[in-house]
Protein chains: 2
Amino acid sequence: MNISRTKLAQVRALMKKRKIDAYIIFNTDPHLGEYIPGHWKIVQWLTGFTGSSAVVIIAKKFAGLWTDSRYFIQAEDQLSGSGFSLMKLNVPTEPTWLEWLRTKMKKRSCIGIDDRIFSVGHLEKLRKTLDKTKIKIDLKCDLITEIWSGRPSMPDSVAFDHSIIFCGKERRDKIREVREEMYRMKIDSHLLTSPADIMWLLNLRGNDLEYSPLILAFALITKNQILLFTDEKKVPLKLASEFDKTDVTILPYDDISLILSRLKKGSFLLLTPETTNASLFDSIPEEVNIVKDISIPTRLKAVKNSVEIDNIRKVMVKDGVALTKFLFWLEKNIGKSTITELSAAEKLLELRLQQSNCIGPSFSTITAFKEHGALVHYSPSTGTNAILSPEGIFLIDSGGQYLDGTTDITRTVALGKPDTAQKFDFTLVLKGLIGLAIAKFPVGTRGFQLDILARKALWANGLNYGHGTGHGVGFFLNVHEGPYSIGTAASEGNQLALVPGLILSDEPAIYREGKYGIRTENLLLVSEDEKNDFGQFLKFETLSLCYIDTSFIEESLLDPFELKWLNNYHSIVYKNISSFLTDEEKKWLKAKTKEI
Amino acid sequence: MNISRTKLAQVRALMKKRKIDAYIIFNTDPHLGEYIPGHWKIVQWLTGFTGSSAVVIIAKKFAGLWTDSRYFIQAEDQLSGSGFSLMKLNVPTEPTWLEWLRTKMKKRSCIGIDDRIFSVGHLEKLRKTLDKTKIKIDLKCDLITEIWSGRPSMPDSVAFDHSIIFCGKERRDKIREVREEMYRMKIDSHLLTSPADIMWLLNLRGNDLEYSPLILAFALITKNQILLFTDEKKVPLKLASEFDKTDVTILPYDDISLILSRLKKGSFLLLTPETTNASLFDSIPEEVNIVKDISIPTRLKAVKNSVEIDNIRKVMVKDGVALTKFLFWLEKNIGKSTITELSAAEKLLELRLQQSNCIGPSFSTITAFKEHGALVHYSPSTGTNAILSPEGIFLIDSGGQYLDGTTDITRTVALGKPDTAQKFDFTLVLKGLIGLAIAKFPVGTRGFQLDILARKALWANGLNYGHGTGHGVGFFLNVHEGPYSIGTAASEGNQLALVPGLILSDEPAIYREGKYGIRTENLLLVSEDEKNDFGQFLKFETLSLCYIDTSFIEESLLDPFELKWLNNYHSIVYKNISSFLTDEEKKWLKAKTKEI
């Protein structure tokens, strides 16, 4: 019997005991972040599904896992025989998890959740859905701890100081800036639930998660104090003594609820509902005035300072060298020795790790051959691992965590000779990449206004891609960093006007199901352009440095300004990368970056 | 003494009597629309200011009028000596009217408003601003009626049936569709406060306002009844008997409050806060569940039916003929007889009125010579009226109300030989017009995503315009019709995805203060394009038919596809317009639309 069925039976037995009719599990942790530690990978342990987007509902005669289209094929496969049905998100004929609850739950029944891994926002939605149904919610319902034997313990990496050489601003200056903002917003205390915010504020980094260099912690900033909630053992003495100078006090991780419960009546507390779990929220006294907004460090850290920008420019050279060497190696060895998606990813990581200050990948590397490229969030595994051959299209989306910056870059290369249709697709995607990269726009422009620049050439030909065009990138932090983005929707994040110092990705794409995927991605820096009677204008500067496969381009589709951009970009790439290559590689790159 | 000073003294005397410390007047009427009848032009009567955007605050030692940048120069002039200070909106150094109240009003003082001309939305903002200040608001404070002698009475035009030949859908079908939406939204009754909504629903038109063919009315739709609140005399017997067939009952205009006050407890009422005055809102019992949203007729009427579309196509020919004849007349007579901005506008109206079914202008005609063109909302008056001369740039923004549709078109022509800088500006604006007109986009795209297409060429050269790119246009109704628009902001209106059947304007521009303004405006129809694996795509079809001044174009700035669009457009214009012209005009238009 599938092991998931046994676990499901165990959960159902506990549900019966606790009088729970439906149990909801989100694939997240108490910080509600993108990457979670093994300790909180309940969904994977229970169902076998390894995707990031998942909501599980277990009822007496139903067990379902909701995920989005990126994961349909993978979930179908991984859930097979598990007892869990795949429920498709954003498919009009399928109910959402909220609709399922609203229509399937009986009056006076009881829903169980573990409110430590449930955001305030979701709880509000759930309560609204159940309004007037007399269905109860049991908030403190942990049915997993009891039955998960061998559960990984919480990560215990030790924090380290992120040197001023890299991050460019003392923690006391950042703290002062945050407090100035709190003063301006009339906020007495500020709850930080996102570890990346805390890492940025205190110039800390750690190794608690696979791709994000952080330690799990909460923090509360007041006018006089900063309370850092984390395991004391995670902070070395030397760091702790540095903290003393800036009034940072370390308290046990779980004390956050107690401290919140003691907040002064009538005081103003700023928190972010999307990253605040319902359990923490619940501990705040009713008499505290809660201001819900993007956290101040989230806003401030998105704007990179000049030291960070200088560092990231150097990192781009290193990262470009690694990727260039990888593509050289690939071209020379393809068809000669066995290269798989997994071994290619390993080779690329090996080359990145040879670069100074590189400590690992910034996300799960996507090396996707042929039809795998059409699965937007494909990562090779032993079950899917394809052998590359000198024909077909190969998409590589990867990034590195360096002490001096985080990278994220996608290149798609033709391992054989691309046909006309493939060249057509590749060139349209390239036109989108360039369209956004050369944009000039007035101060006040938001990401959703610029998105079409990356899609226009595709749309004109009846094509499109189903994801956003650009996300923010952290500085030796999360590779997907809010609150700025470039996308089609006017969500809270991209309502903010772009400002100089932001780093955003530019990644148009096209996916031909069952055939191939093409995506080209560079990182862009927002910087100042001219100021005149019509105001201050901004522009992008392309940061990423790796050639774009010209054998894949249908030149006749490019406008003169696009050709000019490409040739200029290639001359910059060669100039920056070549001196770190062997003679053979250099000669090869010269050809790859040759003017067309 | 300036007459406004006398009136101001009278208001202050009444304020003293009523114990009012500050009196707020919005330039609007109980329907909160764009065009208001003389009876409600309080701001103009009191201050002399004739602009549309105005908030007046009168205190003991202060009297101010807030307006936006479109009107700064005009307001400066008209308010001179009036006792009212110009307060500039959206200028960072100047307080908003809310900020002024918050900082200048003493504790326990009292603010007076006439809540019949104050929207629920504004009242909520005012209350929020005054929260915890102990400042009172006197909501029923009409200080004007008593002192305004010779005040115009309410308009008394008689409604007429808008023939099915024009509007294409029986009122009973429209009523059924609205009720279906109410059912879907679980709404028991729907308050309509915007007369245009009511005109559309009941296939009614009238003549209460200068530019919008409507009668002032409120309506309440329930599952079984439609209550129409208007002066009984405004509805002829024949129409009233038609109404009987669709359960429309006519009640006195002022009875709306009474009927609202009797709404059933626990029932659900849909209303639009932006167009519902605070007095009406106040009459709704607390136990009624209020759903705040765009009204259903507002959403439905934006999508034109096939009869309306066929009609508007014919109207575009008539309107194009009128404008073409006007431009011919202008070119032939300029420098020979005296032509002023005002006489030009009169001539254009005369030519429009010669077309079948034209009943008047759809807004105050803008005929702006030279530097007047840089004032976005300039309308010539006897005080500003410029004499045209055969040199300089002339901007004409005008439209007509036809029984079979509403038009809005802008052309800018060079009366002499334009210089290089002027041609540069004109051509960039044209590139914007074309950029939006040729857009192809998937279903789900919102107006704010497309806006940049009209600005890109300007932005790339450090130029911009300070208004939206496109507004909806009514069908023999308001020339500015919500809720769809194309602009930089993601406001409530343009969050809606564009759908086939919408008519939107495309009007990029550039304004050189003190020199000239250039704007080119066509109306676009949203229609279907291809449907494929990537979804259903939409496109625009240009509806307006009038040549674009090619003597103003710098050809080298146009891309081949732009030249192709222009030549194709000109051949369509000639084909549609020429048969309605004299031989001389025809020959002239042939030259104007000659391929370049």
# chains A, B, ... in the order shown; residues from 1 in each chain; ligands from 1
$ interface_residues --of "chain A" --to "chain B" --cutoff "9 Å" --atoms "only C-alpha atoms" --output "count of residues only"
34
$ closest_atom_pairs --of "stretch 439-523 of chain B" --to "stretch 358-367 of chain B" --cutoff "10 Å" --atoms "only C-alpha atoms" --output "Markdown table"
| residue | atom | partner | partner_atom | distance |
| --- | --- | --- | --- | --- |
| B:Phe476 | CA | B:Ser362 | CA | 8.8 |
| B:Leu477 | CA | B:Ser362 | CA | 8.4 |
| B:Asn478 | CA | B:Ser362 | CA | 7.5 |
| B:Val479 | CA | B:Ser362 | CA | 6.0 |
| B:His480 | CA | B:Phe363 | CA | 9.3 |
$ select_by_dssp --residues "stretch 81-285 of chain A" --states "helix (DSSP H, G or I)" --output "PyMOL selection string"
chain A and resi 97-104+115-117+120-130+164-167+171-184+195-202+232-234+237-245+253-261+273-275+278-282
$ residues_around --residues "B:Ser306" --least-positions-apart "5" --cutoff "9 Å" --atoms "only C-alpha atoms" --output "PDB file with N, CA and C atoms, in the first residue's frame"
ATOM      1  N   GLY B 168     -31.209  49.683 -30.683  1.00  0.00           N
ATOM      2  CA  GLY B 168     -31.034  48.254 -30.996  1.00  0.00           C
ATOM      3  C   GLY B 168     -31.527  47.249 -29.976  1.00  0.00           C
ATOM      4  N   ASN B 311     -24.801  51.707 -36.331  1.00  0.00           N
ATOM      5  CA  ASN B 311     -25.177  53.118 -36.355  1.00  0.00           C
ATOM      6  C   ASN B 311     -23.963  54.028 -36.195  1.00  0.00           C
ATOM      7  N   GLY B 501     -16.866  45.305 -28.212  1.00  0.00           N
ATOM      8  CA  GLY B 501     -18.029  46.179 -28.165  1.00  0.00           C
ATOM      9  C   GLY B 501     -17.780  47.500 -27.452  1.00  0.00           C
TER      10      GLY B 501
END
$ closest_residue --among "B:Asp319, B:Asp142, B:Glu180, B:Glu528" --to "B:Phe580" --atoms "only C-alpha atoms"
B:Asp319
$ select_by_dssp --residues "stretch 31-61 of chain A" --states "strand (DSSP E)" --output "number ranges by chain"
A: 55-59
$ atom_distance --atom1 "atom CA of B:Leu220" --atom2 "atom CA of B:Leu192"
6.0 Å
$ closest_residue --among "B:Thr230, B:Thr272, B:Ser551, B:Asn568" --to "B:Pro252" --atoms "only C-alpha atoms"
B:Thr230
$ atom_distance --atom1 "atom CA of B:Pro37" --atom2 "atom CA of B:Ile198"
17.4 Å
$ residues_around --residues "A:Arg5" --least-positions-apart "2" --cutoff "6 Å" --atoms "only C-alpha atoms" --output "PDB file with all heavy atoms, in the first residue's frame"
ATOM      1  N   ASN A   2       0.465   2.249  -0.797  1.00  0.00           N
ATOM      2  CA  ASN A   2       1.152   3.538  -0.844  1.00  0.00           C
ATOM      3  C   ASN A   2       1.245   4.102   0.582  1.00  0.00           C
ATOM      4  O   ASN A   2       0.264   4.142   1.319  1.00  0.00           O
ATOM      5  CB  ASN A   2       0.329   4.475  -1.755  1.00  0.00           C
ATOM      6  CG  ASN A   2       1.007   5.808  -1.967  1.00  0.00           C
ATOM      7  OD1 ASN A   2       1.365   6.481  -1.005  1.00  0.00           O
ATOM      8  ND2 ASN A   2       1.187   6.184  -3.221  1.00  0.00           N
ATOM      9  N   ILE A   3       2.442   4.557   0.945  1.00  0.00           N
ATOM     10  CA  ILE A   3       2.667   5.010   2.315  1.00  0.00           C
ATOM     11  C   ILE A   3       1.782   6.204   2.687  1.00  0.00           C
ATOM     12  O   ILE A   3       1.385   6.383   3.845  1.00  0.00           O
ATOM     13  CB  ILE A   3       4.171   5.330   2.539  1.00  0.00           C
ATOM     14  CG1 ILE A   3       4.451   5.520   4.048  1.00  0.00           C
ATOM     15  CG2 ILE A   3       4.606   6.546   1.750  1.00  0.00           C
ATOM     16  CD1 ILE A   3       5.909   5.429   4.379  1.00  0.00           C
ATOM     17  N   LYS A   7      -0.598   7.188   6.146  1.00  0.00           N
ATOM     18  CA  LYS A   7      -0.551   8.468   6.867  1.00  0.00           C
ATOM     19  C   LYS A   7      -1.915   9.142   6.862  1.00  0.00           C
ATOM     20  O   LYS A   7      -2.350   9.725   7.863  1.00  0.00           O
ATOM     21  CB  LYS A   7       0.493   9.380   6.219  1.00  0.00           C
ATOM     22  CG  LYS A   7       1.929   8.877   6.394  1.00  0.00           C
ATOM     23  CD  LYS A   7       2.896   9.678   5.540  1.00  0.00           C
ATOM     24  CE  LYS A   7       4.305   9.112   5.629  1.00  0.00           C
ATOM     25  NZ  LYS A   7       5.198   9.702   4.604  1.00  0.00           N
ATOM     26  N   LEU A   8      -2.582   9.055   5.709  1.00  0.00           N
ATOM     27  CA  LEU A   8      -3.916   9.642   5.578  1.00  0.00           C
ATOM     28  C   LEU A   8      -4.876   9.017   6.594  1.00  0.00           C
ATOM     29  O   LEU A   8      -5.648   9.722   7.262  1.00  0.00           O
ATOM     30  CB  LEU A   8      -4.404   9.418   4.139  1.00  0.00           C
ATOM     31  CG  LEU A   8      -5.713  10.058   3.684  1.00  0.00           C
ATOM     32  CD1 LEU A   8      -5.714  11.553   3.951  1.00  0.00           C
ATOM     33  CD2 LEU A   8      -5.914   9.797   2.183  1.00  0.00           C
ATOM     34  N   SER A  82      -1.880   7.796  -3.952  1.00  0.00           N
ATOM     35  CA  SER A  82      -1.652   8.352  -2.616  1.00  0.00           C
ATOM     36  C   SER A  82      -2.937   8.481  -1.809  1.00  0.00           C
ATOM     37  O   SER A  82      -2.895   8.692  -0.606  1.00  0.00           O
ATOM     38  CB  SER A  82      -1.024   9.743  -2.745  1.00  0.00           C
ATOM     39  OG  SER A  82      -1.986  10.646  -3.280  1.00  0.00           O
ATOM     40  N   GLY A  83      -4.091   8.406  -2.500  1.00  0.00           N
ATOM     41  CA  GLY A  83      -5.346   8.666  -1.813  1.00  0.00           C
ATOM     42  C   GLY A  83      -5.771  10.116  -1.930  1.00  0.00           C
ATOM     43  O   GLY A  83      -6.888  10.484  -1.580  1.00  0.00           O
TER      44      GLY A  83
END
$ atom_distance --atom1 "atom CA of A:Asp161" --atom2 "atom CA of A:Leu204"
4.9 Å
$ residues_around --residues "A:Thr276" --least-positions-apart "4" --cutoff "10 Å" --atoms "only C-alpha atoms" --output "list in words"
Pro30, His31, Leu32, Arg116, Ile117, Phe118, Ser119, Val120, Gly121, Leu191, Leu192, Thr193, Ser194, Leu271, Thr272, Leu280 and Phe281 of chain A
$ write_last_selection --atoms "C-alpha atoms" --output "compact mmCIF listing (two decimals), in the first residue's frame"
# COMPACT_ATOMS: atom_id res chain seq x y z
CA PRO A 30 5.32 29.98 10.27
CA HIS A 31 7.08 32.66 8.17
CA LEU A 32 4.89 31.92 5.14
CA ARG A 116 0.92 28.67 12.92
CA ILE A 117 1.08 27.86 9.21
CA PHE A 118 -2.02 29.77 8.12
CA SER A 119 -1.74 33.44 7.15
CA VAL A 120 -4.05 36.04 8.65
CA GLY A 121 -5.17 36.84 5.14
CA LEU A 191 6.55 43.15 13.62
CA LEU A 192 8.92 41.50 11.16
CA THR A 193 7.89 37.97 10.21
CA SER A 194 9.90 37.55 7.03
CA LEU A 271 2.58 44.13 10.30
CA THR A 272 2.22 42.44 6.90
CA LEU A 280 0.87 35.32 16.01
CA PHE A 281 -1.92 37.62 14.96
$ residues_around --residues "B:Asn576" --least-positions-apart "2" --cutoff "9 Å" --atoms "only C-alpha atoms" --output "PyMOL selection string"
chain B and resi 317+320-321+545+571-574+578-580
$ write_last_selection --atoms "C-alpha atoms" --output "short mmCIF file (atom, residue, chain, number, x, y, z; two decimals), in the first residue's frame"
data_model
loop_
_atom_site.label_atom_id
_atom_site.label_comp_id
_atom_site.auth_asym_id
_atom_site.auth_seq_id
_atom_site.Cartn_x
_atom_site.Cartn_y
_atom_site.Cartn_z
CA VAL B 317 -18.99 59.07 -41.84
CA GLY B 320 -16.01 62.94 -40.70
CA VAL B 321 -17.75 64.78 -43.54
CA LEU B 545 -12.82 59.17 -40.20
CA SER B 571 -7.50 55.42 -48.23
CA ILE B 572 -10.37 54.35 -45.93
CA VAL B 573 -11.07 57.99 -45.06
CA TYR B 574 -11.20 59.03 -48.70
CA SER B 578 -15.44 61.68 -50.61
CA SER B 579 -18.88 60.89 -51.99
CA PHE B 580 -20.43 63.42 -49.61
#
$ residues_around --residues "B:Val429" --least-positions-apart "5" --cutoff "9 Å" --atoms "only C-alpha atoms" --output "PyMOL selection string"
chain B and resi 424+434+454-455+457-458+507-510+518-520
$ write_last_selection --atoms "all heavy atoms" --output "tab-separated table (two decimals), in the first residue's frame"
chain	number	residue	atom	x	y	z
B	424	PHE	N	8.50	67.15	-35.40
B	424	PHE	CA	9.00	66.10	-34.51
B	424	PHE	C	7.91	65.76	-33.47
B	424	PHE	O	7.53	64.60	-33.32
B	424	PHE	CB	10.26	66.63	-33.81
B	424	PHE	CG	10.91	65.66	-32.87
B	424	PHE	CD1	11.65	64.58	-33.35
B	424	PHE	CD2	10.81	65.84	-31.49
B	424	PHE	CE1	12.25	63.69	-32.46
B	424	PHE	CE2	11.41	64.96	-30.61
B	424	PHE	CZ	12.13	63.88	-31.10
B	434	ILE	N	-0.98	55.52	-33.45
B	434	ILE	CA	-0.91	54.28	-34.23
B	434	ILE	C	-0.55	53.10	-33.31
B	434	ILE	O	-1.14	52.02	-33.40
B	434	ILE	CB	0.12	54.40	-35.38
B	434	ILE	CG1	-0.30	55.52	-36.34
B	434	ILE	CG2	0.25	53.07	-36.12
B	434	ILE	CD1	0.76	55.87	-37.40
B	454	ALA	N	0.66	54.22	-26.39
B	454	ALA	CA	0.43	55.57	-26.91
B	454	ALA	C	1.50	56.55	-26.44
B	454	ALA	O	1.62	57.65	-26.96
B	454	ALA	CB	-0.95	56.06	-26.49
B	455	ARG	N	2.29	56.16	-25.42
B	455	ARG	CA	3.28	57.08	-24.84
B	455	ARG	C	4.72	56.76	-25.20
B	455	ARG	O	5.62	57.58	-25.04
B	455	ARG	CB	3.19	57.05	-23.29
B	455	ARG	CG	1.90	57.60	-22.76
B	455	ARG	CD	1.88	57.58	-21.22
B	455	ARG	NE	0.51	57.64	-20.77
B	455	ARG	CZ	-0.13	58.77	-20.47
B	455	ARG	NH1	0.50	59.91	-20.52
B	455	ARG	NH2	-1.39	58.74	-20.09
B	457	ALA	N	6.75	56.36	-27.72
B	457	ALA	CA	7.58	57.20	-28.59
B	457	ALA	C	7.89	58.53	-27.91
B	457	ALA	O	9.01	59.06	-28.03
B	457	ALA	CB	6.90	57.43	-29.93
B	458	LEU	N	6.92	59.06	-27.18
B	458	LEU	CA	7.14	60.32	-26.45
B	458	LEU	C	8.14	60.10	-25.32
B	458	LEU	O	9.11	60.85	-25.16
B	458	LEU	CB	5.82	60.86	-25.90
B	458	LEU	CG	4.83	61.40	-26.95
B	458	LEU	CD1	3.44	61.57	-26.35
B	458	LEU	CD2	5.32	62.73	-27.52
B	507	GLU	N	-5.99	59.13	-27.58
B	507	GLU	CA	-5.66	60.55	-27.74
B	507	GLU	C	-4.36	60.99	-27.08
B	507	GLU	O	-4.36	61.75	-26.13
B	507	GLU	CB	-6.82	61.44	-27.27
B	507	GLU	CG	-7.49	61.04	-25.96
B	507	GLU	CD	-8.68	61.95	-25.62
B	507	GLU	OE1	-8.54	63.18	-25.72
B	507	GLU	OE2	-9.73	61.41	-25.24
B	508	PRO	N	-3.24	60.49	-27.62
B	508	PRO	CA	-1.95	60.99	-27.12
B	508	PRO	C	-1.76	62.46	-27.52
B	508	PRO	O	-2.46	62.95	-28.42
B	508	PRO	CB	-0.94	60.10	-27.83
B	508	PRO	CG	-1.62	59.62	-29.07
B	508	PRO	CD	-3.07	59.53	-28.73
B	509	ALA	N	-0.86	63.11	-26.83
B	509	ALA	CA	-0.73	64.56	-27.04
B	509	ALA	C	0.62	65.05	-26.55
B	509	ALA	O	1.35	64.31	-25.88
B	509	ALA	CB	-1.83	65.28	-26.28
B	510	ILE	N	0.93	66.28	-26.90
B	510	ILE	CA	2.06	66.94	-26.27
B	510	ILE	C	1.72	68.41	-26.13
B	510	ILE	O	1.10	69.00	-27.01
B	510	ILE	CB	3.37	66.71	-27.05
B	510	ILE	CG1	4.50	67.42	-26.34
B	510	ILE	CG2	3.28	67.17	-28.50
B	510	ILE	CD1	5.84	66.87	-26.72
B	518	ILE	N	-0.42	69.80	-29.27
B	518	ILE	CA	-0.71	68.88	-30.38
B	518	ILE	C	-1.42	67.67	-29.79
B	518	ILE	O	-0.93	67.04	-28.85
B	518	ILE	CB	0.59	68.44	-31.09
B	518	ILE	CG1	1.20	69.62	-31.85
B	518	ILE	CG2	0.30	67.27	-32.04
B	518	ILE	CD1	2.60	69.36	-32.37
B	519	ARG	N	-2.59	67.36	-30.31
B	519	ARG	CA	-3.30	66.17	-29.88
B	519	ARG	C	-3.99	65.58	-31.10
B	519	ARG	O	-4.53	66.33	-31.93
B	519	ARG	CB	-4.32	66.50	-28.79
B	519	ARG	CG	-5.04	65.28	-28.21
B	519	ARG	CD	-5.74	65.59	-26.88
B	519	ARG	NE	-6.87	66.48	-27.01
B	519	ARG	CZ	-6.93	67.71	-26.50
B	519	ARG	NH1	-5.92	68.21	-25.82
B	519	ARG	NH2	-8.01	68.46	-26.68
B	520	THR	N	-3.93	64.28	-31.25
B	520	THR	CA	-4.66	63.60	-32.32
B	520	THR	C	-5.50	62.54	-31.64
B	520	THR	O	-4.98	61.78	-30.82
B	520	THR	CB	-3.69	62.99	-33.35
B	520	THR	OG1	-2.77	63.99	-33.79
B	520	THR	CG2	-4.44	62.44	-34.55
$ decode --residues "stretch 477-484 of chain A" --atoms "all heavy atoms" --output "PDB file, in the first residue's frame"
ATOM      1  N   LEU A 477      20.129  37.374  -0.806  1.00  0.00           N
ATOM      2  CA  LEU A 477      18.899  37.038  -0.084  1.00  0.00           C
ATOM      3  C   LEU A 477      17.985  36.292  -1.057  1.00  0.00           C
ATOM      4  O   LEU A 477      18.468  35.695  -2.007  1.00  0.00           O
ATOM      5  CB  LEU A 477      18.236  38.306   0.463  1.00  0.00           C
ATOM      6  CG  LEU A 477      18.753  38.779   1.831  1.00  0.00           C
ATOM      7  CD1 LEU A 477      18.087  40.081   2.239  1.00  0.00           C
ATOM      8  CD2 LEU A 477      18.531  37.727   2.934  1.00  0.00           C
ATOM      9  N   ASN A 478      16.667  36.374  -0.829  1.00  0.00           N
ATOM     10  CA  ASN A 478      15.741  35.630  -1.687  1.00  0.00           C
ATOM     11  C   ASN A 478      15.863  36.037  -3.155  1.00  0.00           C
ATOM     12  O   ASN A 478      15.882  37.215  -3.480  1.00  0.00           O
ATOM     13  CB  ASN A 478      14.303  35.877  -1.249  1.00  0.00           C
ATOM     14  CG  ASN A 478      14.016  35.274   0.108  1.00  0.00           C
ATOM     15  OD1 ASN A 478      14.628  34.286   0.507  1.00  0.00           O
ATOM     16  ND2 ASN A 478      13.098  35.882   0.839  1.00  0.00           N
ATOM     17  N   VAL A 479      15.894  35.041  -4.020  1.00  0.00           N
ATOM     18  CA  VAL A 479      15.971  35.330  -5.451  1.00  0.00           C
ATOM     19  C   VAL A 479      14.662  35.938  -5.955  1.00  0.00           C
ATOM     20  O   VAL A 479      14.657  36.681  -6.927  1.00  0.00           O
ATOM     21  CB  VAL A 479      16.366  34.058  -6.240  1.00  0.00           C
ATOM     22  CG1 VAL A 479      15.234  33.034  -6.256  1.00  0.00           C
ATOM     23  CG2 VAL A 479      16.793  34.406  -7.660  1.00  0.00           C
ATOM     24  N   HIS A 480      13.557  35.637  -5.292  1.00  0.00           N
ATOM     25  CA  HIS A 480      12.298  36.314  -5.596  1.00  0.00           C
ATOM     26  C   HIS A 480      12.002  37.258  -4.440  1.00  0.00           C
ATOM     27  O   HIS A 480      11.662  36.818  -3.346  1.00  0.00           O
ATOM     28  CB  HIS A 480      11.148  35.310  -5.756  1.00  0.00           C
ATOM     29  CG  HIS A 480      11.363  34.348  -6.887  1.00  0.00           C
ATOM     30  ND1 HIS A 480      11.003  33.030  -6.829  1.00  0.00           N
ATOM     31  CD2 HIS A 480      11.935  34.525  -8.096  1.00  0.00           C
ATOM     32  CE1 HIS A 480      11.345  32.425  -7.966  1.00  0.00           C
ATOM     33  NE2 HIS A 480      11.898  33.307  -8.746  1.00  0.00           N
ATOM     34  N   GLU A 481      12.189  38.524  -4.679  1.00  0.00           N
ATOM     35  CA  GLU A 481      12.058  39.498  -3.599  1.00  0.00           C
ATOM     36  C   GLU A 481      11.001  40.539  -3.945  1.00  0.00           C
ATOM     37  O   GLU A 481      11.035  41.136  -5.019  1.00  0.00           O
ATOM     38  CB  GLU A 481      13.413  40.183  -3.365  1.00  0.00           C
ATOM     39  CG  GLU A 481      13.384  41.214  -2.249  1.00  0.00           C
ATOM     40  CD  GLU A 481      14.741  41.861  -1.998  1.00  0.00           C
ATOM     41  OE1 GLU A 481      15.557  41.292  -1.254  1.00  0.00           O
ATOM     42  OE2 GLU A 481      14.994  42.942  -2.562  1.00  0.00           O
ATOM     43  N   GLY A 482      10.057  40.774  -3.039  1.00  0.00           N
ATOM     44  CA  GLY A 482       9.048  41.806  -3.217  1.00  0.00           C
ATOM     45  C   GLY A 482       9.601  43.152  -2.844  1.00  0.00           C
ATOM     46  O   GLY A 482      10.766  43.239  -2.456  1.00  0.00           O
ATOM     47  N   PRO A 483       8.804  44.194  -2.874  1.00  0.00           N
ATOM     48  CA  PRO A 483       7.406  44.230  -3.324  1.00  0.00           C
ATOM     49  C   PRO A 483       7.251  44.643  -4.791  1.00  0.00           C
ATOM     50  O   PRO A 483       6.142  44.703  -5.268  1.00  0.00           O
ATOM     51  CB  PRO A 483       6.805  45.317  -2.427  1.00  0.00           C
ATOM     52  CG  PRO A 483       7.927  46.284  -2.223  1.00  0.00           C
ATOM     53  CD  PRO A 483       9.220  45.477  -2.291  1.00  0.00           C
ATOM     54  N   TYR A 484       8.343  44.933  -5.477  1.00  0.00           N
ATOM     55  CA  TYR A 484       8.228  45.424  -6.853  1.00  0.00           C
ATOM     56  C   TYR A 484       8.167  44.261  -7.840  1.00  0.00           C
ATOM     57  O   TYR A 484       8.806  43.232  -7.626  1.00  0.00           O
ATOM     58  CB  TYR A 484       9.425  46.307  -7.196  1.00  0.00           C
ATOM     59  CG  TYR A 484       9.475  47.575  -6.367  1.00  0.00           C
ATOM     60  CD1 TYR A 484      10.114  47.598  -5.137  1.00  0.00           C
ATOM     61  CD2 TYR A 484       8.863  48.732  -6.820  1.00  0.00           C
ATOM     62  CE1 TYR A 484      10.158  48.750  -4.369  1.00  0.00           C
ATOM     63  CE2 TYR A 484       8.900  49.899  -6.065  1.00  0.00           C
ATOM     64  CZ  TYR A 484       9.549  49.903  -4.840  1.00  0.00           C
ATOM     65  OH  TYR A 484       9.583  51.043  -4.085  1.00  0.00           O
TER      66      TYR A 484
END
